[in-house]
Amino acid sequence: MTCTKPFLIFAVCAATTSQRPSHRLFNGRDLAGWHVDVPAADSNVRLRSPFVVRNGVLVSLGEPRGHLLTDSSYRDYRLEITYRFAAAPGNAGVLVHASTPRALYGMFPRSIEVQMEHGNAGDFWCILEDIHVPDMERRRGPPAEWGTTEGKARRIRNLTDDSEKPVGEWNAMVIEAVGRSIRVWVNGDLVNDGSDATASHGRIALQSEGSEVEFRNLSLTSISKLTITR
């Protein structure tokens, strides 16, 4: 059976996914299974955590800046995320294959970021890891400028400009990471499709990066192959 969007897979291809039950990364009550890394807290032990649970929703407050990381590492999975900017558009992201903490700018863990910034959801950002996409030069710029460190062209633009819902409405993001490939959908649209990544496993991280963003679903399912697309 061929399914063109992950939401069709969840509804139509139940026979496949039912054999691989989803694991909720966020239990709706607390941050069990996660830990916070906020560099500014090193010099201020009274600094509040930017990650809280409010009315059953995981909230990234945006400040102070840092990351919420899973205690465990993962490989070969489908990650389903439901998120929104409740009050104002802003910046956030989910990092996959995260490893060395504070590897870039003393803040960002070594990883590949799937952007959630409003208007750019689904961009890849390379953080000391790399990935390739079709039409790379158009979406990343001149090859001489590509790189994964400070000052390099680390952004790989997404495939669509209109997949996000208006601010205040919930968005559904699906990230599939199998082997060295990463495929991303936003609200059913395929927005990025990368291969030959320099990492194949690691922690999953959420950003606190200047804007408040809410998450009401974070669930992970082990898979052995990527969803078929057309």
# chains A, B, ... in the order shown; residues from 1 in each chain; ligands from 1
$ residues_around --residues "segment 105-122 of chain A" --least-positions-apart "4" --cutoff "7 Å" --atoms "only C-alpha atoms" --output "PDB file with N, CA and C atoms, in the first residue's frame"
ATOM      1  N   PRO A  39      23.045  27.163  29.591  1.00  0.00           N
ATOM      2  CA  PRO A  39      24.381  27.638  29.946  1.00  0.00           C
ATOM      3  C   PRO A  39      24.392  28.763  30.977  1.00  0.00           C
ATOM      4  N   GLY A  66      18.240  27.789  25.973  1.00  0.00           N
ATOM      5  CA  GLY A  66      18.858  26.499  26.245  1.00  0.00           C
ATOM      6  C   GLY A  66      18.078  25.391  25.574  1.00  0.00           C
ATOM      7  N   PRO A  89       4.181  34.904  16.912  1.00  0.00           N
ATOM      8  CA  PRO A  89       5.099  34.062  16.136  1.00  0.00           C
ATOM      9  C   PRO A  89       6.516  34.222  16.638  1.00  0.00           C
ATOM     10  N   GLY A  90       7.313  33.159  16.499  1.00  0.00           N
ATOM     11  CA  GLY A  90       8.675  33.244  17.007  1.00  0.00           C
ATOM     12  C   GLY A  90       9.528  32.095  16.534  1.00  0.00           C
ATOM     13  N   ASN A  91      10.556  31.799  17.339  1.00  0.00           N
ATOM     14  CA  ASN A  91      11.574  30.834  16.956  1.00  0.00           C
ATOM     15  C   ASN A  91      11.619  29.679  17.940  1.00  0.00           C
ATOM     16  N   ALA A  92      11.832  28.489  17.414  1.00  0.00           N
ATOM     17  CA  ALA A  92      12.015  27.276  18.206  1.00  0.00           C
ATOM     18  C   ALA A  92      12.496  26.203  17.243  1.00  0.00           C
ATOM     19  N   GLY A  93      12.792  25.039  17.762  1.00  0.00           N
ATOM     20  CA  GLY A  93      13.222  23.956  16.891  1.00  0.00           C
ATOM     21  C   GLY A  93      13.304  22.660  17.657  1.00  0.00           C
ATOM     22  N   VAL A  94      13.346  21.571  16.904  1.00  0.00           N
ATOM     23  CA  VAL A  94      13.580  20.257  17.485  1.00  0.00           C
ATOM     24  C   VAL A  94      14.864  19.727  16.871  1.00  0.00           C
ATOM     25  N   LEU A  95      15.757  19.245  17.714  1.00  0.00           N
ATOM     26  CA  LEU A  95      17.055  18.748  17.282  1.00  0.00           C
ATOM     27  C   LEU A  95      17.052  17.229  17.330  1.00  0.00           C
ATOM     28  N   VAL A  96      17.537  16.612  16.265  1.00  0.00           N
ATOM     29  CA  VAL A  96      17.658  15.155  16.235  1.00  0.00           C
ATOM     30  C   VAL A  96      19.131  14.780  16.184  1.00  0.00           C
ATOM     31  N   HIS A  97      19.421  13.559  16.613  1.00  0.00           N
ATOM     32  CA  HIS A  97      20.796  13.034  16.651  1.00  0.00           C
ATOM     33  C   HIS A  97      21.716  13.944  17.471  1.00  0.00           C
ATOM     34  N   ALA A  98      21.177  14.502  18.558  1.00  0.00           N
ATOM     35  CA  ALA A  98      21.969  15.403  19.395  1.00  0.00           C
ATOM     36  C   ALA A  98      22.982  14.608  20.218  1.00  0.00           C
ATOM     37  N   SER A  99      24.200  15.158  20.311  1.00  0.00           N
ATOM     38  CA  SER A  99      25.251  14.476  21.071  1.00  0.00           C
ATOM     39  C   SER A  99      26.011  15.483  21.938  1.00  0.00           C
ATOM     40  N   THR A 100      27.186  15.906  21.518  1.00  0.00           N
ATOM     41  CA  THR A 100      28.031  16.767  22.349  1.00  0.00           C
ATOM     42  C   THR A 100      27.305  18.052  22.732  1.00  0.00           C
ATOM     43  N   PRO A 101      27.126  18.337  24.033  1.00  0.00           N
ATOM     44  CA  PRO A 101      26.422  19.558  24.438  1.00  0.00           C
ATOM     45  C   PRO A 101      27.251  20.812  24.180  1.00  0.00           C
ATOM     46  N   CYS A 126      22.326  22.728  10.137  1.00  0.00           N
ATOM     47  CA  CYS A 126      23.411  21.794  10.430  1.00  0.00           C
ATOM     48  C   CYS A 126      24.256  22.332  11.580  1.00  0.00           C
ATOM     49  N   ILE A 127      24.353  21.554  12.651  1.00  0.00           N
ATOM     50  CA  ILE A 127      25.083  21.969  13.851  1.00  0.00           C
ATOM     51  C   ILE A 127      26.187  20.949  14.107  1.00  0.00           C
ATOM     52  N   LEU A 128      27.311  21.149  13.444  1.00  0.00           N
ATOM     53  CA  LEU A 128      28.449  20.228  13.487  1.00  0.00           C
ATOM     54  C   LEU A 128      28.098  18.831  12.993  1.00  0.00           C
ATOM     55  N   GLU A 129      26.942  18.668  12.418  1.00  0.00           N
ATOM     56  CA  GLU A 129      26.552  17.497  11.642  1.00  0.00           C
ATOM     57  C   GLU A 129      26.054  18.019  10.311  1.00  0.00           C
ATOM     58  N   ASN A 158      13.465  24.810   3.440  1.00  0.00           N
ATOM     59  CA  ASN A 158      12.442  23.784   3.240  1.00  0.00           C
ATOM     60  C   ASN A 158      11.849  23.852   1.839  1.00  0.00           C
ATOM     61  N   ASP A 161       6.311  27.064   1.539  1.00  0.00           N
ATOM     62  CA  ASP A 161       6.226  28.319   2.280  1.00  0.00           C
ATOM     63  C   ASP A 161       4.883  28.492   2.988  1.00  0.00           C
ATOM     64  N   VAL A 184      10.750  15.124   6.749  1.00  0.00           N
ATOM     65  CA  VAL A 184       9.928  15.972   7.615  1.00  0.00           C
ATOM     66  C   VAL A 184       8.645  16.381   6.901  1.00  0.00           C
ATOM     67  N   VAL A 191       8.023  18.661   3.710  1.00  0.00           N
ATOM     68  CA  VAL A 191       8.725  19.950   3.695  1.00  0.00           C
ATOM     69  C   VAL A 191      10.242  19.809   3.631  1.00  0.00           C
ATOM     70  N   ASN A 192      10.783  18.620   3.892  1.00  0.00           N
ATOM     71  CA  ASN A 192      12.219  18.408   3.721  1.00  0.00           C
ATOM     72  C   ASN A 192      12.510  16.917   3.661  1.00  0.00           C
TER      73      ASN A 192
END
$ closest_atom_pairs --of "segment 61-165 of chain A" --to "segment 42-52 of chain A" --cutoff "6 Å" --atoms "only C-alpha atoms" --output "CSV"
residue,atom,partner,partner_atom,distance
A:Leu61,CA,A:Pro50,CA,5.0
A:Glu63,CA,A:Pro50,CA,5.7
A:Pro64,CA,A:Pro50,CA,5.8
$ atom_distance --atom1 "atom CA of Leu190 of chain A" --atom2 "atom CA of Leu159 of chain A"
7.5 Å
$ atom_distance --atom1 "atom CA of Val38 of chain A" --atom2 "atom CA of Thr70 of chain A"
14.3 Å
$ closest_residue --among "A:Ile182, A:Ala32, A:Val53, A:Val59" --to "Ser208 of chain A" --atoms "only C-alpha atoms"
A:Val59
$ residues_around --residues "Asp71 of chain A" --least-positions-apart "6" --cutoff "9 Å" --atoms "only C-alpha atoms" --output "MDAnalysis selection string"
chainID A and resid 32:35 203:204
$ write_last_selection --atoms "C-alpha atoms" --output "JSON list (two decimals), in the first residue's frame"
[["chain", "number", "residue", "atom", "x", "y", "z"],
["A", 32, "ALA", "CA", 10.42, 12.75, 33.45],
["A", 33, "GLY", "CA", 12.82, 11.34, 30.87],
["A", 34, "TRP", "CA", 14.24, 14.76, 30.01],
["A", 35, "HIS", "CA", 16.95, 17.06, 31.33],
["A", 203, "ARG", "CA", 19.15, 12.42, 21.77],
["A", 204, "ILE", "CA", 16.13, 14.51, 20.83]]
$ select_by_dssp --residues "segment 2-223 of chain A" --states "helix (DSSP H, G or I)" --output "ChimeraX atom specification"
/A:6-12,14-17,39-42,136-140,143-145
$ write_last_selection --atoms "C-alpha atoms" --output "PDB file, in the first residue's frame"
ATOM      1  CA  PRO A   6       2.104  10.469   7.228  1.00  0.00           C
ATOM      2  CA  PHE A   7      -1.419  11.293   8.407  1.00  0.00           C
ATOM      3  CA  LEU A   8      -2.718   8.838   5.836  1.00  0.00           C
ATOM      4  CA  ILE A   9      -0.278   6.293   7.151  1.00  0.00           C
ATOM      5  CA  PHE A  10      -1.533   6.686  10.703  1.00  0.00           C
ATOM      6  CA  ALA A  11      -5.150   6.321   9.588  1.00  0.00           C
ATOM      7  CA  VAL A  12      -4.925   3.912   6.663  1.00  0.00           C
ATOM      8  CA  ALA A  14      -2.736   0.871  10.801  1.00  0.00           C
ATOM      9  CA  ALA A  15      -1.692  -2.710  10.255  1.00  0.00           C
ATOM     10  CA  THR A  16       1.912  -1.570   9.944  1.00  0.00           C
ATOM     11  CA  THR A  17       2.085   0.844  12.865  1.00  0.00           C
ATOM     12  CA  PRO A  39      24.381  27.638  29.946  1.00  0.00           C
ATOM     13  CA  ALA A  40      23.417  30.806  31.848  1.00  0.00           C
ATOM     14  CA  ALA A  41      22.408  28.666  34.818  1.00  0.00           C
ATOM     15  CA  ASP A  42      26.071  27.773  35.376  1.00  0.00           C
ATOM     16  CA  MET A 136      21.285  21.612  -2.613  1.00  0.00           C
ATOM     17  CA  GLU A 137      22.867  24.700  -4.152  1.00  0.00           C
ATOM     18  CA  ARG A 138      19.563  26.488  -4.647  1.00  0.00           C
ATOM     19  CA  ARG A 139      18.446  25.738  -1.103  1.00  0.00           C
ATOM     20  CA  ARG A 140      21.756  26.266   0.714  1.00  0.00           C
ATOM     21  CA  PRO A 143      28.996  25.189  -2.151  1.00  0.00           C
ATOM     22  CA  ALA A 144      32.092  27.117  -1.088  1.00  0.00           C
ATOM     23  CA  GLU A 145      30.057  28.565   1.776  1.00  0.00           C
TER      24      GLU A 145
END
$ select_by_dssp --residues "segment 20-135 of chain A" --states "strand (DSSP E)" --output "number ranges by chain"
A: 23-24, 34-37, 51-54, 57-60, 66-70, 77-84, 93-98, 111-115, 124-127
